[in-house]
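Containing compact mmCIF, C-alpha atoms: protein_34.txt.
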# COMPACT_ATOMS: atom_id res chain seq x y z
CA MET A 205 -3.70 -3.82 23.58
CA PRO A 206 -0.61 -5.92 22.64
CA TYR A 207 2.69 -4.11 22.18
CA PRO A 208 3.39 -3.77 18.42
CA SER A 209 6.39 -5.93 17.50
CA ALA A 210 7.97 -3.30 15.25
CA LEU A 211 8.49 -1.02 18.27
CA GLU A 212 10.62 -3.56 20.14
CA SER A 213 13.89 -2.52 18.42
CA ASN A 214 13.32 1.19 19.24
CA PRO A 215 13.38 2.35 15.61
CA LYS A 216 13.60 6.00 14.58
CA CYS A 217 11.07 5.40 11.81
CA ILE A 218 8.46 2.78 10.90
CA PHE A 219 7.41 2.55 7.26
CA PHE A 220 3.93 1.33 6.39
CA THR A 221 3.22 0.82 2.72
CA ASP A 222 0.57 -0.31 0.30
CA PHE A 223 1.66 -3.12 -2.01
CA ASP A 224 -0.14 -3.12 -5.36
CA GLY A 225 0.85 -0.26 -7.65
CA THR A 226 3.07 1.15 -4.90
CA ILE A 227 5.79 -1.49 -4.40
CA THR A 228 4.89 -3.03 -7.74
CA LEU A 229 4.63 -1.12 -11.02
CA MET A 230 1.20 -2.61 -11.70
CA ASP A 231 -1.61 -3.53 -9.36
CA SER A 232 -1.76 -7.34 -9.32
CA ASN A 233 -5.50 -7.38 -8.56
CA ASP A 234 -6.20 -4.92 -11.39
CA TYR A 235 -4.01 -7.00 -13.70
CA MET A 236 -5.96 -10.18 -12.91
CA THR A 237 -9.30 -8.40 -13.28
CA ASP A 238 -8.36 -6.75 -16.58
CA ASN A 239 -6.88 -9.89 -18.18
CA ILE A 240 -8.61 -12.93 -16.67
CA GLY A 241 -11.61 -11.27 -14.97
CA PHE A 242 -14.42 -8.98 -16.16
CA GLY A 243 -12.10 -6.42 -17.77
CA GLY A 244 -10.71 -2.92 -17.30
CA ASP A 245 -13.83 -0.91 -18.14
CA LEU A 246 -15.92 -2.40 -15.34
CA ARG A 247 -12.98 -2.18 -12.92
CA ARG A 248 -12.39 1.52 -13.65
CA GLN A 249 -16.10 2.25 -13.24
CA GLY A 250 -15.99 0.50 -9.87
CA ASN A 251 -13.05 2.67 -8.78
CA LYS A 252 -14.96 5.78 -9.84
CA ASP A 253 -18.04 4.63 -7.93
CA VAL A 254 -15.90 4.24 -4.79
CA LEU A 255 -14.35 7.70 -5.14
CA ASP A 256 -17.82 9.19 -5.72
CA GLY A 257 -19.24 7.41 -2.67
CA ASN A 258 -21.65 5.20 -4.61
CA LEU A 259 -19.97 1.90 -3.66
CA THR A 260 -17.79 0.84 -0.75
CA PHE A 261 -14.28 -0.32 -1.59
CA LYS A 262 -15.18 -3.72 -0.18
CA GLU A 263 -18.15 -4.11 -2.56
CA SER A 264 -16.14 -3.04 -5.59
CA PHE A 265 -13.15 -5.23 -4.76
CA LYS A 266 -15.30 -8.30 -4.12
CA GLU A 267 -16.93 -7.86 -7.53
CA MET A 268 -13.47 -7.68 -9.12
CA MET A 269 -12.15 -10.80 -7.43
CA ASP A 270 -15.36 -12.78 -7.94
CA SER A 271 -14.92 -12.23 -11.68
CA VAL A 272 -11.60 -14.14 -11.62
CA THR A 273 -12.33 -17.90 -11.75
CA THR A 274 -8.82 -19.17 -12.62
CA PRO A 275 -7.55 -21.66 -9.99
CA TYR A 276 -5.66 -19.81 -7.25
CA PRO A 277 -2.23 -21.45 -7.73
CA GLU A 278 -2.43 -20.52 -11.41
CA CYS A 279 -3.29 -16.92 -10.45
CA ILE A 280 -0.15 -16.74 -8.30
CA GLN A 281 2.04 -18.10 -11.11
CA TYR A 282 0.39 -15.80 -13.66
CA LEU A 283 1.20 -12.78 -11.49
CA CYS A 284 4.79 -13.91 -10.77
CA ASP A 285 5.27 -14.15 -14.54
CA ASN A 286 3.90 -10.67 -15.27
CA ILE A 287 4.12 -8.25 -12.30
CA LYS A 288 7.26 -6.13 -11.99
CA LEU A 289 8.80 -4.46 -8.94
CA ASP A 290 9.48 -0.75 -8.66
CA PRO A 291 13.18 -0.69 -9.68
CA TYR A 292 14.23 1.09 -6.46
CA PHE A 293 12.21 -0.82 -3.87
CA LYS A 294 14.87 -3.49 -3.27
CA GLU A 295 17.45 -0.76 -2.55
CA PHE A 296 14.95 0.90 -0.19
CA TYR A 297 14.30 -2.37 1.64
CA THR A 298 18.02 -3.21 1.94
CA TRP A 299 18.72 0.23 3.46
CA SER A 300 15.75 -0.10 5.81
CA ARG A 301 16.96 -3.49 7.11
CA GLU A 302 20.44 -2.10 7.68
CA ASN A 303 19.13 0.97 9.51
CA ASN A 304 16.47 -0.56 11.75
CA VAL A 305 13.46 0.82 9.87
CA PRO A 306 10.69 -1.82 10.03
CA VAL A 307 8.69 -2.12 6.79
CA ILE A 308 5.07 -3.24 7.17
CA VAL A 309 2.88 -3.97 4.14
CA LEU A 310 -0.77 -2.99 4.61
CA SER A 311 -2.73 -4.27 1.65
CA SER A 312 -6.25 -4.91 0.44
CA GLY A 313 -4.80 -7.72 -1.62
CA MET A 314 -4.34 -11.29 -0.41
CA VAL A 315 -1.45 -12.48 1.77
CA PRO A 316 -0.48 -15.57 -0.32
CA ILE A 317 -0.15 -13.50 -3.52
CA ILE A 318 1.74 -10.67 -1.81
CA ARG A 319 4.18 -13.04 -0.07
CA ALA A 320 4.81 -15.00 -3.28
CA LEU A 321 5.45 -11.82 -5.28
CA LEU A 322 7.72 -10.25 -2.64
CA VAL A 323 9.89 -13.37 -2.35
CA HIS A 324 9.95 -13.78 -6.14
CA LEU A 325 10.82 -10.14 -6.85
CA VAL A 326 12.89 -9.10 -3.81
CA GLY A 327 14.40 -12.39 -2.65
CA PRO A 328 14.20 -14.66 0.41
CA GLU A 329 14.91 -11.73 2.74
CA ALA A 330 11.37 -10.53 1.94
CA GLU A 331 10.08 -13.36 4.17
CA ASP A 332 10.85 -10.94 7.03
CA ILE A 333 8.41 -8.28 5.82
CA GLU A 334 5.29 -8.14 7.98
CA ILE A 335 2.12 -8.32 5.89
CA VAL A 336 -1.33 -7.29 7.12
CA ALA A 337 -3.87 -8.01 4.38
CA ASN A 338 -6.92 -9.95 3.30
CA ASP A 339 -6.70 -13.70 2.80
CA VAL A 340 -8.14 -16.35 0.54
CA ALA A 341 -10.50 -19.24 1.32
CA ASP A 342 -12.05 -22.23 -0.43
CA ARG A 343 -15.50 -21.63 -1.81
CA PRO A 344 -18.10 -23.92 -0.21
CA GLY A 345 -17.79 -27.40 -1.73
CA LYS A 346 -14.69 -26.51 -3.74
CA LYS A 347 -10.91 -26.16 -3.42
CA GLN A 348 -8.67 -23.25 -4.37
CA ASP A 349 -6.91 -25.28 -7.06
CA GLN A 350 -10.23 -25.74 -8.92
CA LYS A 351 -11.81 -23.34 -11.40
CA GLY A 352 -14.04 -20.96 -9.43
CA GLY A 353 -12.82 -22.63 -6.22
CA TRP A 354 -11.55 -19.63 -4.21
CA GLU A 355 -12.92 -16.43 -2.73
CA LEU A 356 -11.70 -13.42 -0.78
CA LYS A 357 -11.56 -13.67 2.98
CA PHE A 358 -11.72 -10.09 4.24
CA HIS A 359 -9.50 -8.96 7.10
CA ASP A 360 -12.28 -7.12 8.96
CA ASP A 361 -15.94 -6.01 8.75
CA SER A 362 -15.23 -2.44 7.65
CA ASP A 363 -16.37 -0.91 4.36
CA PHE A 364 -12.77 -1.33 3.16
CA GLY A 365 -12.62 -5.09 3.89
CA HIS A 366 -9.28 -4.19 5.43
CA ASP A 367 -9.31 -0.84 7.21
CA LYS A 368 -5.59 -0.01 7.14
CA SER A 369 -6.01 2.72 9.75
CA LEU A 370 -6.83 0.00 12.32
CA ALA A 371 -3.37 -1.52 11.83
CA ILE A 372 -1.63 1.84 12.27
CA ARG A 373 -3.52 3.17 15.30
CA PRO A 374 -2.05 0.74 17.89
CA TYR A 375 1.38 2.09 16.97
CA ALA A 376 0.23 5.68 17.34
CA ASP A 377 -1.41 4.89 20.69
CA HIS A 378 1.74 3.28 22.13
CA ILE A 379 4.02 5.95 20.67
CA ALA A 380 1.94 8.71 22.30
CA LYS A 381 2.92 7.27 25.70
CA LEU A 382 6.67 7.48 24.98
CA PRO A 383 8.89 10.48 25.82
CA GLU A 384 8.83 12.88 22.88
CA ASN A 385 12.47 12.26 21.94
CA ASP A 386 11.89 8.48 21.82
CA ARG A 387 8.89 8.54 19.51
CA PRO A 388 9.49 6.98 16.07
CA THR A 389 8.18 8.71 12.97
CA LEU A 390 5.35 6.86 11.20
CA LEU A 391 5.40 6.99 7.39
CA TYR A 392 3.03 5.62 4.78
CA ALA A 393 3.20 5.22 0.99
CA GLY A 394 0.20 4.48 -1.21
CA ASP A 395 -1.48 5.13 -4.53
CA GLY A 396 -5.16 4.28 -4.61
CA VAL A 397 -8.62 4.03 -3.15
CA SER A 398 -7.65 1.24 -0.73
CA ASP A 399 -5.31 3.73 0.99
CA LEU A 400 -8.03 6.23 1.89
CA SER A 401 -8.45 4.86 5.41
CA ALA A 402 -4.70 5.16 6.13
CA ALA A 403 -4.22 8.60 4.58
CA ARG A 404 -4.67 10.55 7.84
CA GLU A 405 -3.01 8.14 10.25
CA THR A 406 0.76 8.70 9.94
CA ASP A 407 3.20 11.59 10.37
CA LEU A 408 3.94 11.76 6.66
CA LEU A 409 2.05 10.38 3.66
CA PHE A 410 3.72 9.63 0.33
CA ALA A 411 1.10 9.63 -2.45
CA LYS A 412 2.00 8.33 -5.92
CA LYS A 413 1.94 10.99 -8.61
CA GLY A 414 -1.05 10.86 -10.96
CA LYS A 415 -3.01 8.28 -8.95
CA ASP A 416 -6.39 8.27 -7.15
CA LEU A 417 -4.92 8.86 -3.68
CA VAL A 418 -3.63 12.28 -4.80
CA THR A 419 -7.13 13.18 -6.03
CA TYR A 420 -8.62 12.20 -2.66
CA CYS A 421 -5.99 14.03 -0.61
CA GLU A 422 -6.43 17.23 -2.63
CA ARG A 423 -10.21 17.05 -2.30
CA GLU A 424 -10.17 16.29 1.44
CA GLY A 425 -7.28 18.59 2.38
CA VAL A 426 -5.07 15.71 3.61
CA PRO A 427 -1.37 16.75 3.59
CA PHE A 428 0.88 14.58 1.44
CA THR A 429 4.13 14.55 -0.50
CA LEU A 430 4.27 13.23 -4.06
CA PHE A 431 6.47 10.36 -5.20
CA GLU A 432 7.11 8.74 -8.55
CA ASP A 433 9.25 5.81 -7.40
CA TRP A 434 11.05 4.46 -4.33
CA LYS A 435 14.24 6.34 -5.17
CA SER A 436 12.64 9.62 -4.06
CA ILE A 437 11.06 7.94 -1.02
CA LEU A 438 14.44 6.56 0.07
CA GLU A 439 16.11 9.96 -0.35
CA THR A 440 13.44 11.59 1.82
CA LEU A 441 13.55 8.78 4.39
CA LYS A 442 17.33 9.16 4.73
CA GLU A 443 16.93 12.91 5.33
CA ILE A 444 14.26 12.35 8.00
CA HIS A 445 16.15 9.47 9.63
CA SER A 446 19.38 11.47 9.89
CA GLY A 447 17.59 14.60 11.13
CA LYS A 448 18.74 16.55 8.09
CA LYS A 449 15.13 17.54 7.36
CA SER A 450 12.15 17.94 9.66
CA LEU A 451 8.76 16.47 8.88
CA GLU A 452 7.39 20.02 8.64
CA LYS A 453 9.94 20.92 5.96
CA VAL A 454 9.29 17.76 3.95
CA ALA A 455 5.50 18.28 4.19
CA GLY A 456 5.88 21.93 3.16
CA GLU A 457 7.96 20.97 0.13
CA GLY A 458 5.38 18.30 -0.72
CA ALA A 459 2.54 20.82 -0.57
CA GLU A 460 4.45 23.19 -2.84
CA GLU A 461 5.20 20.42 -5.35
CA ALA A 462 1.55 19.33 -5.38
CA LYS A 463 0.46 22.94 -5.89
CA GLN A 464 2.85 23.29 -8.83
CA GLU A 465 1.62 20.02 -10.25
CA GLY A 466 -1.96 21.31 -10.06
CA LYS A 467 -1.02 24.50 -11.92
CA GLU A 468 0.65 22.47 -14.67
CA LYS A 469 -2.52 20.37 -15.05
CA GLU A 470 -4.61 23.54 -15.41
CA THR A 471 -2.36 24.99 -18.10
CA THR A 472 -2.51 21.79 -20.16
CA LYS A 473 -6.33 21.66 -20.18

Target encoding structure tokens, full file:
Amino acid sequence: MPYPSALESNPKCIFFTDFDGTITLMDSNDYMTDNIGFGGDLRRQGNKDVLDGNLTFKESFKEMMDSVTTPYPECIQYLCDNIKLDPYFKEFYTWSRENNVPVIVLSSGMVPIIRALLVHLVGPEAEDIEIVANDVADRPGKKQDQKGGWELKFHDDSDFGHDKSLAIRPYADHIAKLPENDRPTLLYAGDGVSDLSAARETDLLFAKKGKDLVTYCEREGVPFTLFEDWKSILETLKEIHSGKKSLEKVAGEGAEEAKQEGKEKETTK
């Protein structure tokens, strides 16, 4: 098993994150599907089918992307014109670079779109962000710059198309061999059904308030801490990185906040 590159600088923390709807305010794949694909109603039904176990994420996502026939370069430009960044992510990324916290994007989206959006929204320094995601390929007999000329190229053969847990586990395996005081903390932030495979794999999970990942974690008993934007994530990361707060304390506070959130939902029904 190759040595993960992000461990080479001996970081205190490594931050894995979803991209769509987590770093960005809107999910770029949802945005394409809703506006230039088969529409929001069919997409939302597909998400529900995944959560209910009636469809795999891979099946649902392929249906979404197959419904978008706009030439691929035009899709990238369309998204660069419309997708917005979480207002605090750039500050988070700047602090992470300055404090030796590698940031690794694990996405069920496509690398060319993610790279284009990161560079467009964050700046040229985003070229340094490692991206592990699906890709894009020409359809047989066509080219990506033609109508209906591209298709998803999945990262692996799992039911997710890209099983994010498989990208995290090599880090956990190598870290387990290190002396306890030298082991970096693994963190993950996500919001939706594509994050289900990663939800159990890190030391602390940040789940976006009001999104499908929270529903899953509550149902499956997966510990998590809520976040609304990257400002709160950065504050928590700084506390963990400095040793001001332990993971146990952060997780306990997250459980209490989620419990309170659940009570508030019940009272508003």

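Between atom CA of A:Lys346 and atom CA of A:Phe242 lies a distance of 21.5 Å.
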
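The smallest atom-to-atom distance between A:Gly257 and any of A:Trp299, A:Ile240, A:Pro291, A:Val397, using all atoms listed in the file, is found for A:Val397.
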
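Candidate residues A:Ala402, A:Ala393, A:Ala380, A:Leu255 were compared for distance to A:Asp367, and the nearest is A:Ala402, using only C-alpha atoms.
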
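Note that the spacing between atom CA of A:Asn258 and atom CA of A:Leu400 amounts to 15.1 Å.
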
Neighbour residues at most 12 Å from (-3.0, -17.2, -9.3) (all atoms listed in the file) as an mmCIF file with C-alpha atoms, keeping the file's coordinate frame:
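Done, and the output landed in selection_37.cif:
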data_model
loop_
_atom_site.group_PDB
_atom_site.id
_atom_site.type_symbol
_atom_site.label_atom_id
_atom_site.label_comp_id
_atom_site.auth_asym_id
_atom_site.auth_seq_id
_atom_site.Cartn_x
_atom_site.Cartn_y
_atom_site.Cartn_z
ATOM 1 C CA SER A 232 -1.760 -7.340 -9.320
ATOM 2 C CA ASN A 233 -5.500 -7.380 -8.560
ATOM 3 C CA TYR A 235 -4.010 -7.000 -13.700
ATOM 4 C CA MET A 236 -5.960 -10.180 -12.910
ATOM 5 C CA THR A 237 -9.300 -8.400 -13.280
ATOM 6 C CA ILE A 240 -8.610 -12.930 -16.670
ATOM 7 C CA GLY A 241 -11.610 -11.270 -14.970
ATOM 8 C CA MET A 269 -12.150 -10.800 -7.430
ATOM 9 C CA VAL A 272 -11.600 -14.140 -11.620
ATOM 10 C CA THR A 273 -12.330 -17.900 -11.750
ATOM 11 C CA THR A 274 -8.820 -19.170 -12.620
ATOM 12 C CA PRO A 275 -7.550 -21.660 -9.990
ATOM 13 C CA TYR A 276 -5.660 -19.810 -7.250
ATOM 14 C CA PRO A 277 -2.230 -21.450 -7.730
ATOM 15 C CA GLU A 278 -2.430 -20.520 -11.410
ATOM 16 C CA CYS A 279 -3.290 -16.920 -10.450
ATOM 17 C CA ILE A 280 -0.150 -16.740 -8.300
ATOM 18 C CA GLN A 281 2.040 -18.100 -11.110
ATOM 19 C CA TYR A 282 0.390 -15.800 -13.660
ATOM 20 C CA LEU A 283 1.200 -12.780 -11.490
ATOM 21 C CA CYS A 284 4.790 -13.910 -10.770
ATOM 22 C CA ASP A 285 5.270 -14.150 -14.540
ATOM 23 C CA ASN A 286 3.900 -10.670 -15.270
ATOM 24 C CA ILE A 287 4.120 -8.250 -12.300
ATOM 25 C CA MET A 314 -4.340 -11.290 -0.410
ATOM 26 C CA PRO A 316 -0.480 -15.570 -0.320
ATOM 27 C CA ILE A 317 -0.150 -13.500 -3.520
ATOM 28 C CA ILE A 318 1.740 -10.670 -1.810
ATOM 29 C CA ALA A 320 4.810 -15.000 -3.280
ATOM 30 C CA LEU A 321 5.450 -11.820 -5.280
ATOM 31 C CA VAL A 340 -8.140 -16.350 0.540
ATOM 32 C CA GLN A 348 -8.670 -23.250 -4.370
ATOM 33 C CA ASP A 349 -6.910 -25.280 -7.060
ATOM 34 C CA GLN A 350 -10.230 -25.740 -8.920
ATOM 35 C CA LYS A 351 -11.810 -23.340 -11.400
ATOM 36 C CA GLY A 352 -14.040 -20.960 -9.430
ATOM 37 C CA GLY A 353 -12.820 -22.630 -6.220
ATOM 38 C CA TRP A 354 -11.550 -19.630 -4.210
ATOM 39 C CA GLU A 355 -12.920 -16.430 -2.730
#

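Restricting the calculation to only C-alpha atoms, the smallest distance between A:Leu390 and any of A:Ala330, A:Leu259, A:Leu356, A:Ile444 is found for A:Ile444.
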
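Across the structure, atom CA of A:Glu439 and atom CA of A:Arg387 are spaced 21.2 Å apart.
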
Need the axis-aligned box for stretch 398-411 of chain A with 4 Å each side, so what are the centre and edges in Å to one decimal, as JSON?
{"center_x": -2.3, "center_y": 6.5, "center_z": 4.0, "size_x": 20.4, "size_y": 18.5, "size_z": 20.8}

Go through A:Ala455, A:Leu438, A:Ile218, A:Leu310 and flag the residue nearest A:Ser401, using all atoms listed in the file for the distances.
-> A:Leu310

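Closest approach to A:Ile227 from the set A:Asn303, A:Thr298, A:Asn239, A:Ser311 is made by A:Ser311, with distances taken over all atoms listed in the file.
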
Find the residues near stretch 447-452 of chain A: any atom within 12 Å, counting only C-alpha atoms, skip ones fewer than 4 places away on the same chain, and give them as a PDB file with C-alpha atoms, in the coordinates of the input.
ATOM      1  CA  LYS A 216      13.600   6.000  14.580  1.00  0.00           C
ATOM      2  CA  CYS A 217      11.070   5.400  11.810  1.00  0.00           C
ATOM      3  CA  PRO A 388       9.490   6.980  16.070  1.00  0.00           C
ATOM      4  CA  THR A 389       8.180   8.710  12.970  1.00  0.00           C
ATOM      5  CA  LEU A 390       5.350   6.860  11.200  1.00  0.00           C
ATOM      6  CA  LEU A 391       5.400   6.990   7.390  1.00  0.00           C
ATOM      7  CA  THR A 406       0.760   8.700   9.940  1.00  0.00           C
ATOM      8  CA  ASP A 407       3.200  11.590  10.370  1.00  0.00           C
ATOM      9  CA  LEU A 408       3.940  11.760   6.660  1.00  0.00           C
ATOM     10  CA  LEU A 409       2.050  10.380   3.660  1.00  0.00           C
ATOM     11  CA  PRO A 427      -1.370  16.750   3.590  1.00  0.00           C
ATOM     12  CA  PHE A 428       0.880  14.580   1.440  1.00  0.00           C
ATOM     13  CA  THR A 429       4.130  14.550  -0.500  1.00  0.00           C
ATOM     14  CA  GLU A 439      16.110   9.960  -0.350  1.00  0.00           C
ATOM     15  CA  THR A 440      13.440  11.590   1.820  1.00  0.00           C
ATOM     16  CA  LEU A 441      13.550   8.780   4.390  1.00  0.00           C
ATOM     17  CA  LYS A 442      17.330   9.160   4.730  1.00  0.00           C
ATOM     18  CA  GLU A 443      16.930  12.910   5.330  1.00  0.00           C
ATOM     19  CA  GLY A 456       5.880  21.930   3.160  1.00  0.00           C
ATOM     20  CA  GLU A 457       7.960  20.970   0.130  1.00  0.00           C
ATOM     21  CA  GLY A 458       5.380  18.300  -0.720  1.00  0.00           C
ATOM     22  CA  ALA A 459       2.540  20.820  -0.570  1.00  0.00           C
TER      23      ALA A 459
END

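Shell of A:Gly425 at 12 Å, with only C-alpha atoms counted and residues fewer than 6 places along the chain excluded, is A:Ala403, A:Arg404, A:Leu417, A:Val418, A:Thr419, A:Ala459, A:Ala462.
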
Nearby residues (only C-alpha atoms) at most 10 Å from A:Lys368, same-chain spacing under 2 positions excluded, as a list of chain:residue names | A:Phe220, A:Thr221, A:Asp222, A:Val309, A:Leu310, A:Ser311, A:Ser312, A:Val336, A:Ala337, A:His359, A:Asp360, A:Ser362, A:Phe364, A:Gly365, A:His366, A:Leu370, A:Ala371, A:Ile372, A:Arg373, A:Ser398, A:Asp399, A:Leu400, A:Ser401, A:Ala402, A:Ala403, A:Glu405

For A:Glu334, the nearest of the candidates A:Arg319, A:His445, A:Arg247, A:Lys294, counting all atoms listed in the file | A:Arg319

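Using all atoms listed in the file, the contacts of A:Ser436 at a cut-off of 10 Å, with sequence neighbours closer than 6 positions omitted, comprise A:Tyr292, A:Phe296, A:Phe410, A:Leu430, A:Lys442.
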